[in-house]
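What follows is target_21.cif (mmCIF, C-alpha atoms and all ligand atoms).
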```
data_input
#
loop_
_atom_site.label_atom_id
_atom_site.label_comp_id
_atom_site.auth_asym_id
_atom_site.auth_seq_id
_atom_site.Cartn_x
_atom_site.Cartn_y
_atom_site.Cartn_z
CA MET Y 1 0.00 0.00 0.00
CA ASN Y 2 1.00 3.64 -0.40
CA ILE Y 3 1.10 4.82 3.20
CA VAL Y 4 1.77 8.24 4.71
CA VAL Y 5 2.44 8.56 8.45
CA LEU Y 6 1.33 11.95 9.74
CA GLY Y 7 3.13 12.83 13.00
CA PRO Y 8 6.14 10.51 12.91
CA GLY Y 9 7.14 10.80 16.56
CA ALA Y 10 7.85 7.79 18.77
CA ILE Y 11 4.85 5.62 17.93
CA GLY Y 12 4.59 6.93 14.34
CA SER Y 13 8.25 6.14 13.58
CA LEU Y 14 7.83 2.65 15.03
CA TRP Y 15 4.86 2.01 12.71
CA ALA Y 16 6.44 3.74 9.72
CA LEU Y 17 9.55 1.57 9.90
CA SER Y 18 7.59 -1.61 10.63
CA LEU Y 19 5.25 -1.00 7.67
CA HIS Y 20 8.23 -0.10 5.45
CA ASN Y 21 10.02 -3.31 6.50
CA ALA Y 22 6.83 -5.25 5.64
CA GLY Y 23 7.13 -4.03 2.04
CA HIS Y 24 4.78 -1.04 1.87
CA SER Y 25 5.65 2.23 0.18
CA LEU Y 26 6.11 4.58 3.12
CA SER Y 27 6.47 8.31 3.39
CA LEU Y 28 6.18 10.73 6.29
CA TRP Y 29 4.44 14.02 6.97
CA SER Y 30 6.09 15.91 9.80
CA ARG Y 31 6.35 19.54 10.83
CA ASN Y 32 10.11 19.84 10.29
CA GLY Y 33 9.69 20.59 6.55
CA HIS Y 34 12.66 18.44 5.46
CA HIS Y 35 12.29 16.52 2.18
CA GLN Y 36 13.71 13.33 3.66
CA SER Y 37 14.03 11.74 7.08
CA THR Y 38 16.46 9.01 8.07
CA LEU Y 39 15.07 6.86 10.86
CA CYS Y 40 16.67 4.06 12.80
CA LEU Y 41 14.68 1.42 14.70
CA ASP Y 42 16.60 -0.22 17.56
CA THR Y 43 19.76 -1.80 16.11
CA LEU Y 44 18.44 -2.14 12.53
CA SER Y 45 20.03 -0.28 9.61
CA PRO Y 46 18.83 3.30 9.13
CA VAL Y 47 16.06 3.85 6.56
CA THR Y 48 15.59 7.06 4.56
CA LEU Y 49 11.97 7.99 3.87
CA VAL Y 50 10.47 10.82 1.82
CA ASN Y 51 8.97 13.58 3.97
CA ASN Y 52 6.23 16.15 3.23
CA ASP Y 53 5.77 15.17 -0.42
CA ALA Y 54 2.37 16.42 -1.67
CA GLU Y 55 2.29 13.83 -4.50
CA LYS Y 56 2.79 10.99 -2.02
CA LEU Y 57 -0.05 12.37 0.08
CA LYS Y 58 -2.37 12.55 -2.95
CA ASP Y 59 -1.49 8.94 -3.89
CA ALA Y 60 -1.88 7.59 -0.35
CA ASP Y 61 -4.16 4.56 0.13
CA LEU Y 62 -3.71 4.92 3.87
CA LEU Y 63 -3.00 7.93 6.07
CA LEU Y 64 -1.83 6.77 9.50
CA VAL Y 65 -2.24 9.65 11.96
CA THR Y 66 0.03 9.19 14.99
CA LEU Y 67 -0.14 12.76 16.27
CA LYS Y 68 -1.09 13.41 19.87
CA ALA Y 69 -4.85 14.01 20.13
CA PRO Y 70 -4.65 17.81 20.65
CA GLN Y 71 -2.51 18.13 17.47
CA VAL Y 72 -4.88 16.28 15.12
CA GLU Y 73 -7.21 19.06 13.97
CA THR Y 74 -4.50 21.71 13.46
CA ALA Y 75 -2.23 19.31 11.58
CA MET Y 76 -4.96 17.92 9.32
CA GLN Y 77 -6.67 21.20 8.36
CA PRO Y 78 -4.05 22.34 5.79
CA LEU Y 79 -3.86 18.85 4.22
CA LEU Y 80 -7.55 18.25 3.54
CA GLU Y 81 -7.53 19.12 -0.17
CA GLN Y 82 -4.62 16.79 -0.82
CA ILE Y 83 -6.21 13.72 0.75
CA ASP Y 84 -8.02 11.50 -1.78
CA PRO Y 85 -11.61 10.62 -0.72
CA ASP Y 86 -10.74 6.91 -1.02
CA CYS Y 87 -7.73 7.21 1.27
CA ILE Y 88 -8.32 5.29 4.52
CA VAL Y 89 -7.60 7.48 7.54
CA VAL Y 90 -6.46 5.68 10.70
CA LEU Y 91 -6.29 7.67 13.96
CA MET Y 92 -3.91 6.12 16.49
CA HIS Y 93 -3.51 8.04 19.72
CA ASN Y 94 -4.51 8.03 23.38
CA GLY Y 95 -7.74 9.73 24.36
CA MET Y 96 -11.03 10.20 22.51
CA GLY Y 97 -12.90 12.99 20.75
CA THR Y 98 -10.93 13.46 17.52
CA ALA Y 99 -12.96 10.97 15.47
CA ASP Y 100 -15.99 13.25 15.17
CA ILE Y 101 -13.73 16.20 14.26
CA VAL Y 102 -11.98 14.22 11.50
CA ALA Y 103 -15.27 12.71 10.28
CA GLU Y 104 -16.50 16.27 9.76
CA LEU Y 105 -13.28 17.39 8.04
CA LEU Y 106 -13.19 14.32 5.75
CA PRO Y 107 -16.82 13.13 5.51
CA ASN Y 108 -16.23 10.82 2.52
CA ASN Y 109 -13.12 8.97 3.68
CA PRO Y 110 -13.15 5.58 5.40
CA LEU Y 111 -12.27 6.38 9.02
CA VAL Y 112 -10.66 3.77 11.26
CA LEU Y 113 -9.72 4.18 14.93
CA ALA Y 114 -6.82 2.35 16.53
CA THR Y 115 -5.36 1.90 19.98
CA THR Y 116 -2.02 0.29 20.74
CA THR Y 117 -0.20 -0.90 23.83
CA HIS Y 118 3.17 -1.10 22.04
CA GLY Y 119 5.75 1.14 23.66
CA ALA Y 120 8.05 3.43 21.67
CA TYR Y 121 10.67 5.92 22.79
CA ARG Y 122 12.55 8.47 20.69
CA PRO Y 123 15.87 9.25 22.44
CA GLU Y 124 16.90 11.44 19.47
CA PRO Y 125 14.82 12.81 16.56
CA ASN Y 126 16.04 10.10 14.14
CA LYS Y 127 16.10 7.15 16.51
CA VAL Y 128 13.24 5.07 17.85
CA GLN Y 129 13.32 2.26 20.36
CA HIS Y 130 10.60 -0.38 20.59
CA THR Y 131 10.37 -0.41 24.39
CA GLY Y 132 7.40 -2.72 24.87
CA VAL Y 133 5.63 -5.33 22.80
CA GLY Y 134 1.87 -4.88 22.85
CA ILE Y 135 -1.40 -5.31 21.02
CA THR Y 136 -3.01 -3.00 18.47
CA GLN Y 137 -6.76 -2.94 17.98
CA LEU Y 138 -8.43 -1.34 14.99
CA GLY Y 139 -12.07 -0.77 14.10
CA GLY Y 140 -14.27 1.29 11.81
CA HIS Y 141 -15.75 4.60 12.93
CA ASN Y 142 -17.98 5.17 9.88
CA GLU Y 143 -19.62 2.75 7.43
CA LYS Y 144 -16.70 2.85 4.97
CA GLY Y 145 -14.25 2.39 7.84
CA LYS Y 146 -16.13 -0.70 9.03
CA GLN Y 147 -15.35 -2.31 5.66
CA CYS Y 148 -11.59 -2.09 6.23
CA GLN Y 149 -11.14 -5.28 8.27
CA PHE Y 150 -8.26 -6.27 5.97
CA LEU Y 151 -6.20 -3.58 7.71
CA ALA Y 152 -5.82 -5.80 10.78
CA GLU Y 153 -3.82 -8.21 8.61
CA VAL Y 154 -1.72 -5.37 7.14
CA PHE Y 155 -0.87 -4.06 10.62
CA ASP Y 156 -0.40 -7.53 12.12
CA HIS Y 157 2.03 -8.50 9.37
CA ALA Y 158 4.08 -5.36 10.09
CA LEU Y 159 3.99 -5.39 13.90
CA SER Y 160 2.18 -8.23 15.62
CA THR Y 161 -0.34 -8.50 17.26
CA ALA Y 162 -3.04 -6.44 15.54
CA GLN Y 163 -6.71 -7.34 15.68
CA TRP Y 164 -9.93 -6.03 14.19
CA HIS Y 165 -12.55 -4.94 16.72
CA ASN Y 166 -16.17 -4.66 15.58
CA HIS Y 167 -16.93 -2.24 18.45
CA ILE Y 168 -13.73 -0.23 18.65
CA GLU Y 169 -15.43 2.33 20.94
CA GLN Y 170 -15.54 -0.40 23.61
CA ALA Y 171 -11.74 -0.81 23.40
CA LEU Y 172 -11.18 2.96 23.31
CA TRP Y 173 -13.37 3.52 26.38
CA SER Y 174 -11.56 0.77 28.31
CA LYS Y 175 -8.23 2.47 27.48
CA LEU Y 176 -9.75 5.85 28.40
CA ALA Y 177 -10.76 4.46 31.82
CA ILE Y 178 -7.17 3.34 32.46
CA ASN Y 179 -5.81 6.69 31.27
CA CYS Y 180 -8.31 8.66 33.42
CA ALA Y 181 -7.15 6.72 36.47
CA ILE Y 182 -3.39 6.62 35.93
CA ASN Y 183 -2.39 9.68 33.91
CA PRO Y 184 -3.61 12.70 35.91
CA LEU Y 185 -2.65 11.21 39.30
CA THR Y 186 0.88 10.30 38.18
CA ALA Y 187 1.28 13.72 36.55
CA ILE Y 188 0.02 15.75 39.52
CA ASN Y 189 2.12 13.78 42.02
CA GLN Y 190 5.09 13.23 39.65
CA ILE Y 191 5.29 9.53 40.42
CA THR Y 192 5.73 6.28 38.47
CA ASN Y 193 2.68 4.17 37.63
CA GLY Y 194 3.72 1.65 40.30
CA GLU Y 195 3.65 4.25 43.08
CA LEU Y 196 -0.13 4.47 42.57
CA ALA Y 197 -0.38 1.09 44.30
CA ALA Y 198 0.17 2.87 47.66
CA ASP Y 199 -2.89 2.82 49.95
CA SER Y 200 -3.11 6.62 49.92
CA TYR Y 201 -4.25 6.60 46.25
CA ARG Y 202 -6.68 3.69 46.48
CA SER Y 203 -9.91 5.54 47.32
CA THR Y 204 -9.32 8.20 44.64
CA LEU Y 205 -8.56 5.53 42.02
CA VAL Y 206 -11.68 3.57 42.93
CA SER Y 207 -13.88 6.70 42.78
CA VAL Y 208 -12.39 7.80 39.45
CA VAL Y 209 -13.02 4.37 37.91
CA GLU Y 210 -16.56 4.16 39.31
CA GLU Y 211 -17.38 7.51 37.70
CA VAL Y 212 -15.93 6.39 34.35
CA ALA Y 213 -17.94 3.14 34.53
CA GLN Y 214 -21.16 5.12 35.10
CA VAL Y 215 -20.49 7.29 32.03
CA MET Y 216 -19.52 4.24 29.95
CA ASN Y 217 -22.81 2.54 30.81
CA ALA Y 218 -24.72 5.70 29.88
CA GLU Y 219 -22.85 5.66 26.54
CA GLY Y 220 -24.11 2.11 25.94
CA ILE Y 221 -20.68 0.55 26.63
CA VAL Y 222 -21.41 -2.41 28.87
CA THR Y 223 -18.92 -2.45 31.74
CA ASP Y 224 -18.56 -3.39 35.34
CA ALA Y 225 -16.85 -1.00 37.77
CA ALA Y 226 -15.28 -3.83 39.81
CA LYS Y 227 -13.75 -5.42 36.67
CA LEU Y 228 -12.52 -2.05 35.46
CA GLU Y 229 -10.87 -1.41 38.85
CA GLU Y 230 -9.16 -4.80 38.65
CA THR Y 231 -7.87 -3.94 35.15
CA VAL Y 232 -6.53 -0.58 36.37
CA PHE Y 233 -4.69 -2.18 39.32
CA ASN Y 234 -3.29 -4.87 36.98
CA VAL Y 235 -1.98 -2.18 34.61
CA ILE Y 236 -0.45 -0.30 37.57
CA GLN Y 237 1.41 -3.48 38.53
CA ALA Y 238 2.39 -4.47 35.00
CA THR Y 239 3.74 -0.99 34.18
CA ALA Y 240 5.05 -0.23 37.68
CA LYS Y 241 8.36 1.25 36.52
CA ASN Y 242 6.86 3.32 33.68
CA HIS Y 243 6.23 7.04 33.66
CA SER Y 244 2.85 7.83 32.10
CA SER Y 245 2.80 10.06 29.02
CA MET Y 246 1.00 12.77 31.01
CA GLN Y 247 3.62 12.63 33.78
CA GLN Y 248 6.25 13.10 31.06
CA ASP Y 249 4.35 15.94 29.37
CA ILE Y 250 3.90 17.80 32.65
CA VAL Y 251 7.53 17.39 33.77
CA HIS Y 252 8.71 18.72 30.38
CA LYS Y 253 6.08 21.52 30.44
CA ARG Y 254 4.40 20.26 27.25
CA PRO Y 255 0.63 20.55 26.83
CA SER Y 256 -0.87 17.25 27.96
CA GLU Y 257 -3.66 15.18 26.37
CA ILE Y 258 -5.99 15.92 29.35
CA ASP Y 259 -8.71 17.53 27.15
CA PHE Y 260 -9.03 14.28 25.18
CA ILE Y 261 -8.78 11.96 28.21
CA THR Y 262 -10.48 13.30 31.36
CA GLY Y 263 -11.85 16.26 29.37
CA TYR Y 264 -13.67 13.89 26.99
CA LEU Y 265 -15.09 11.98 29.96
CA LEU Y 266 -16.34 15.25 31.49
CA GLN Y 267 -18.06 16.25 28.22
CA ARG Y 268 -19.85 12.91 27.91
CA ALA Y 269 -20.78 12.97 31.63
CA GLN Y 270 -22.34 16.40 31.17
CA THR Y 271 -24.40 15.15 28.21
CA HIS Y 272 -25.81 12.38 30.41
CA ASN Y 273 -26.16 14.64 33.46
CA ILE Y 274 -23.82 12.48 35.54
CA ALA Y 275 -21.74 14.07 38.32
CA VAL Y 276 -18.04 13.14 38.10
CA PRO Y 277 -16.47 15.17 40.96
CA HIS Y 278 -13.28 13.13 41.33
CA ASN Y 279 -12.43 13.30 37.63
CA THR Y 280 -13.36 16.99 37.57
CA ALA Y 281 -10.94 17.71 40.44
CA LEU Y 282 -8.08 15.92 38.63
CA PHE Y 283 -8.89 17.74 35.37
CA GLU Y 284 -8.80 21.11 37.13
CA GLN Y 285 -5.50 20.33 38.84
CA ILE Y 286 -3.83 19.49 35.52
CA LYS Y 287 -5.27 22.65 33.95
CA LEU Y 288 -3.92 24.73 36.86
CA ILE Y 289 -0.43 23.28 36.35
CA GLU Y 290 -0.58 24.00 32.60
CA GLN Y 291 -1.83 27.56 33.22
CA SER Y 292 0.94 28.22 35.75
CA TRP Y 293 3.53 27.88 32.92
CA LYS Y 294 1.89 30.73 31.01
CA SER Y 295 2.05 33.11 33.96
CA SER Y 296 5.65 32.19 34.93
N1 LIG W 301 5.06 6.46 22.68
C1 LIG W 301 4.36 5.43 23.11
O1 LIG W 301 4.93 4.44 23.61
C2 LIG W 301 2.87 5.39 22.96
C3 LIG W 301 2.19 4.19 23.21
C4 LIG W 301 0.83 4.12 23.03
C5 LIG W 301 0.13 5.25 22.66
N2 LIG W 301 0.80 6.42 22.46
C6 LIG W 301 0.03 7.58 22.04
O2 LIG W 301 0.35 7.85 20.69
C7 LIG W 301 0.27 9.27 20.45
C8 LIG W 301 1.61 9.75 19.94
O3 LIG W 301 2.56 9.57 20.97
P1 LIG W 301 4.13 9.70 20.75
O4 LIG W 301 4.75 9.21 21.99
O5 LIG W 301 4.51 9.09 19.46
O6 LIG W 301 4.27 11.29 20.67
P2 LIG W 301 5.34 12.16 19.88
O7 LIG W 301 6.65 11.44 19.89
O8 LIG W 301 5.27 13.54 20.42
O9 LIG W 301 4.76 12.12 18.39
C9 LIG W 301 3.90 13.09 17.85
C10 LIG W 301 4.56 13.60 16.59
O10 LIG W 301 3.66 14.47 15.92
C11 LIG W 301 4.42 15.52 15.40
N3 LIG W 301 3.58 16.68 15.10
C12 LIG W 301 3.00 17.57 15.95
N4 LIG W 301 2.31 18.50 15.27
C13 LIG W 301 2.47 18.20 13.96
C14 LIG W 301 2.00 18.79 12.76
N5 LIG W 301 1.25 19.90 12.76
N6 LIG W 301 2.32 18.21 11.58
C15 LIG W 301 3.08 17.10 11.54
N7 LIG W 301 3.58 16.49 12.65
C16 LIG W 301 3.27 17.05 13.84
C17 LIG W 301 5.44 15.83 16.49
O11 LIG W 301 6.46 16.61 15.94
P3 LIG W 301 7.73 17.10 16.79
O12 LIG W 301 8.67 15.94 16.76
O13 LIG W 301 8.18 18.28 15.98
O14 LIG W 301 7.22 17.44 18.17
C18 LIG W 301 5.85 14.42 16.88
O15 LIG W 301 6.87 13.94 16.03
C19 LIG W 301 -0.14 9.88 21.80
O16 LIG W 301 -1.53 10.00 21.86
C20 LIG W 301 0.33 8.86 22.80
O17 LIG W 301 -0.39 8.96 24.02
C21 LIG W 301 2.16 6.51 22.58
#
```
Spit out the file's structure as structure tokens when you get a sec.
Ligand SMILES: NC(=O)c1ccc[n+]([C@@H]2O[C@H](COP(=O)([O-])OP(=O)(O)OC[C@H]3O[C@@H](n4cnc5c(N)ncnc54)[C@H](OP(=O)(O)O)[C@@H]3O)[C@@H](O)[C@H]2O)c1
Amino acid sequence: MNIVVLGPGAIGSLWALSLHNAGHSLSLWSRNGHHQSTLCLDTLSPVTLVNNDAEKLKDADLLLVTLKAPQVETAMQPLLEQIDPDCIVVLMHNGMGTADIVAELLPNNPLVLATTTHGAYRPEPNKVQHTGVGITQLGGHNEKGKQCQFLAEVFDHALSTAQWHNHIEQALWSKLAINCAINPLTAINQITNGELAADSYRSTLVSVVEEVAQVMNAEGIVTDAAKLEETVFNVIQATAKNHSSMQQDIVHKRPSEIDFITGYLLQRAQTHNIAVPHNTALFEQIKLIEQSWKSS
């Protein structure tokens, strides 16, 4: 396939190189404006890929968007006229809320949503390390997107395991629940995921997850708060040494993905008239930290 990766950061470079190694014709679209990028995955030989080539974008069968959620709309706006209506658009990021924006920007394109638990780290702009093997789930957001099941095989062949999910919103909400629990608390307290296992965080974590479960049920996503809590505590244990992406964003004074994680939950809770005080408090604390950078 002709594939363009928009936002080739850590996770985008991992996928770009994996899809290139699987035999696809890969190019990148980044904000550095260079015509070529040389990327190196782990100890493999460096690969040079074309960057920001309008012809490649027009010819793309697949646009893989690996931007952070808050970057999606701004990055896609100037590209709309160059994206063919048959080009499949895959959004792969943490958080929710961009699908409706992109569906409005590109109403005729097949739209697929993806979530991955692979880990990638970019120690230098041209280097990417595959830090954790995970699972990628993909599923259609609109009718045309739902007909793209073959993509699971394309992604699985490049970087296993990838699976098609007929109700991708279910998988995205489960990931959102984990992110709502782990990300703000680790960012506010500047701790590793594992430190959340301390008793002092337990009641907040349980309340946060119970609120998310209530909103999920109102959204028609069948879930059970007790099971969701168990999943969150399992993830805390399994990723004990990791720093969450929000903890990293806050320590480096980069805008976090809070609007598309807890912020999305708050929006949906408001629609259903559900009170979510614990999540609201965490949202406000992250916003206060982000605002404090502007005034300093
Ligand atoms: N890294 C992981 O292990 C991992 C795992 C699972 C999920 N995720 C999720 O995947 C998403 C991406 O994460 P990441 O770690 O790959 O972040 P990242 O390294 O910051 O990648 C985002 C990339 O988008 C680029 N970008 C920003 N604005 C752009 C624009 N207007 N046009 C073109 N490119 C633009 C950034 O450019 P610059 O390089 O110039 O900043 C950066 O290279 C996040 O939602 C994250 O939560 C990450």
Can you work out which one of Y:Met246, Y:Leu62, Y:Ala54, Y:Leu113 has the shortest atom-to-atom distance to ligand LIG 301 (chain W), counting all atoms listed in the file?
Y:Met246
Using only C-alpha atoms and all ligand atoms, which of Y:Met216, Y:Ala60, Y:Leu176, Y:Val276 sits nearest ligand LIG 301 (chain W)?
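With only C-alpha atoms and all ligand atoms as the atom set, the closest residue is Y:Leu176.
With all atoms listed in the file as the atoms that count, the residue of Y:Ser25, Y:Gln190, Y:Gln214, Y:Asn183 with the shortest distance to ligand LIG 301 (chain W) is Y:Asn183.
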Taking into account all atoms listed in the file, which residue in the set Y:Asp53, Y:Glu211, Y:Glu230, Y:Glu73 is nearest to ligand LIG 301 (chain W)?
Y:Glu73
Test item: residues no farther than 7 Å from ligand LIG 301 (chain W), counting all atoms listed in the file, as a count of residues only:
32
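Distance annotation: of Y:Ile250, Y:Val128, Y:Val154, Y:Ala240, the residue with the minimal separation from Asn189 in chain Y is Y:Ile250; atom set is all atoms listed in the file.
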What does the distance between CA of Val212 in chain Y and CA of Gly139 in chain Y come to in Å, to one decimal place?
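Interatomic distance here is 21.8 Å.
Nearest to Val102 in chain Y of all the residues Y:Gln77, Y:Leu64, Y:Ser45, Y:Pro85 is Y:Gln77, counting all atoms listed in the file.
Between CA of Asn242 in chain Y and CA of Ser37 in chain Y there is a distance of 28.8 Å.
One finds CA of Val133 in chain Y at 28.2 Å from CA of Arg202 in chain Y.
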Answer as a VMD selection string, residues within 12 Å of (-8.0, 11.0, 2.8) using only C-alpha atoms
chain Y and resid 3 to 4 6 56 to 65 76 to 77 79 to 91 102 to 103 105 to 112 145
Could you write out that same residue set with C-alpha atoms as a PDB file, keeping the file's coordinate frame?
```pdb
ATOM      1  CA  ILE Y   3       1.100   4.820   3.200  1.00  0.00           C
ATOM      2  CA  VAL Y   4       1.770   8.240   4.710  1.00  0.00           C
ATOM      3  CA  LEU Y   6       1.330  11.950   9.740  1.00  0.00           C
ATOM      4  CA  LYS Y  56       2.790  10.990  -2.020  1.00  0.00           C
ATOM      5  CA  LEU Y  57      -0.050  12.370   0.080  1.00  0.00           C
ATOM      6  CA  LYS Y  58      -2.370  12.550  -2.950  1.00  0.00           C
ATOM      7  CA  ASP Y  59      -1.490   8.940  -3.890  1.00  0.00           C
ATOM      8  CA  ALA Y  60      -1.880   7.590  -0.350  1.00  0.00           C
ATOM      9  CA  ASP Y  61      -4.160   4.560   0.130  1.00  0.00           C
ATOM     10  CA  LEU Y  62      -3.710   4.920   3.870  1.00  0.00           C
ATOM     11  CA  LEU Y  63      -3.000   7.930   6.070  1.00  0.00           C
ATOM     12  CA  LEU Y  64      -1.830   6.770   9.500  1.00  0.00           C
ATOM     13  CA  VAL Y  65      -2.240   9.650  11.960  1.00  0.00           C
ATOM     14  CA  MET Y  76      -4.960  17.920   9.320  1.00  0.00           C
ATOM     15  CA  GLN Y  77      -6.670  21.200   8.360  1.00  0.00           C
ATOM     16  CA  LEU Y  79      -3.860  18.850   4.220  1.00  0.00           C
ATOM     17  CA  LEU Y  80      -7.550  18.250   3.540  1.00  0.00           C
ATOM     18  CA  GLU Y  81      -7.530  19.120  -0.170  1.00  0.00           C
ATOM     19  CA  GLN Y  82      -4.620  16.790  -0.820  1.00  0.00           C
ATOM     20  CA  ILE Y  83      -6.210  13.720   0.750  1.00  0.00           C
ATOM     21  CA  ASP Y  84      -8.020  11.500  -1.780  1.00  0.00           C
ATOM     22  CA  PRO Y  85     -11.610  10.620  -0.720  1.00  0.00           C
ATOM     23  CA  ASP Y  86     -10.740   6.910  -1.020  1.00  0.00           C
ATOM     24  CA  CYS Y  87      -7.730   7.210   1.270  1.00  0.00           C
ATOM     25  CA  ILE Y  88      -8.320   5.290   4.520  1.00  0.00           C
ATOM     26  CA  VAL Y  89      -7.600   7.480   7.540  1.00  0.00           C
ATOM     27  CA  VAL Y  90      -6.460   5.680  10.700  1.00  0.00           C
ATOM     28  CA  LEU Y  91      -6.290   7.670  13.960  1.00  0.00           C
ATOM     29  CA  VAL Y 102     -11.980  14.220  11.500  1.00  0.00           C
ATOM     30  CA  ALA Y 103     -15.270  12.710  10.280  1.00  0.00           C
ATOM     31  CA  LEU Y 105     -13.280  17.390   8.040  1.00  0.00           C
ATOM     32  CA  LEU Y 106     -13.190  14.320   5.750  1.00  0.00           C
ATOM     33  CA  PRO Y 107     -16.820  13.130   5.510  1.00  0.00           C
ATOM     34  CA  ASN Y 108     -16.230  10.820   2.520  1.00  0.00           C
ATOM     35  CA  ASN Y 109     -13.120   8.970   3.680  1.00  0.00           C
ATOM     36  CA  PRO Y 110     -13.150   5.580   5.400  1.00  0.00           C
ATOM     37  CA  LEU Y 111     -12.270   6.380   9.020  1.00  0.00           C
ATOM     38  CA  VAL Y 112     -10.660   3.770  11.260  1.00  0.00           C
ATOM     39  CA  GLY Y 145     -14.250   2.390   7.840  1.00  0.00           C
TER      40      GLY Y 145
END
```
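For Ala197 in chain Y, the set of protein, DNA and RNA residues having any atom at most 10 Å away, when counting only C-alpha atoms and skipping those fewer than 5 positions along the same chain, is Thr192, Arg202, Leu205, Phe233, Asn234, Ile236, Gln237 and Ala240 of chain Y.
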Centre, x/y/z edge lengths, axis-aligned box for range 148-167 of chain Y with 3 Å per side, as AutoDock Vina command-line options:
```
--center_x -6.4 --center_y -5.3 --center_z 12.2 --size_x 27.0 --size_y 12.4 --size_z 18.5
```
Report as number ranges by chain all protein, DNA and RNA residues lying within 9 Å of Asp224 in chain Y, evaluated on all atoms listed in the file, omitting residues in the same chain fewer than 4 positions from it.
Y: 210, 213-214, 217, 228-229
Fewer than 5 positions away in the same chain doesn't count, so skip those; otherwise give me all residues within 8 Å of Leu196 in chain Y, counting all atoms listed in the file, as JSON, numbers by chain.
{"Y": [182, 185, 186, 191, 201, 202, 236]}
Please identify all polymer residues within 9 Å of range 283-289 of chain Y, counting all atoms listed in the file, omitting same-chain residues fewer than 4 positions from it, and present them as a VMD selection string.
chain Y and resid 184 187 to 188 250 253 256 258 to 259 262 to 263 266 278 to 279 293
Serialized range 130-161 of chain Y w/ C-alpha atoms as a short mmCIF file (atom, residue, chain, number, x, y, z; two decimals), in the first residue's frame:
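Output file selection_36.cif is given in full below:
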```cif
data_model
loop_
_atom_site.label_atom_id
_atom_site.label_comp_id
_atom_site.auth_asym_id
_atom_site.auth_seq_id
_atom_site.Cartn_x
_atom_site.Cartn_y
_atom_site.Cartn_z
CA HIS Y 130 10.60 -0.38 20.59
CA THR Y 131 10.37 -0.41 24.39
CA GLY Y 132 7.40 -2.72 24.87
CA VAL Y 133 5.63 -5.33 22.80
CA GLY Y 134 1.87 -4.88 22.85
CA ILE Y 135 -1.40 -5.31 21.02
CA THR Y 136 -3.01 -3.00 18.47
CA GLN Y 137 -6.76 -2.94 17.98
CA LEU Y 138 -8.43 -1.34 14.99
CA GLY Y 139 -12.07 -0.77 14.10
CA GLY Y 140 -14.27 1.29 11.81
CA HIS Y 141 -15.75 4.60 12.93
CA ASN Y 142 -17.98 5.17 9.88
CA GLU Y 143 -19.62 2.75 7.43
CA LYS Y 144 -16.70 2.85 4.97
CA GLY Y 145 -14.25 2.39 7.84
CA LYS Y 146 -16.13 -0.70 9.03
CA GLN Y 147 -15.35 -2.31 5.66
CA CYS Y 148 -11.59 -2.09 6.23
CA GLN Y 149 -11.14 -5.28 8.27
CA PHE Y 150 -8.26 -6.27 5.97
CA LEU Y 151 -6.20 -3.58 7.71
CA ALA Y 152 -5.82 -5.80 10.78
CA GLU Y 153 -3.82 -8.21 8.61
CA VAL Y 154 -1.72 -5.37 7.14
CA PHE Y 155 -0.87 -4.06 10.62
CA ASP Y 156 -0.40 -7.53 12.12
CA HIS Y 157 2.03 -8.50 9.37
CA ALA Y 158 4.08 -5.36 10.09
CA LEU Y 159 3.99 -5.39 13.90
CA SER Y 160 2.18 -8.23 15.62
CA THR Y 161 -0.34 -8.50 17.26
#
```
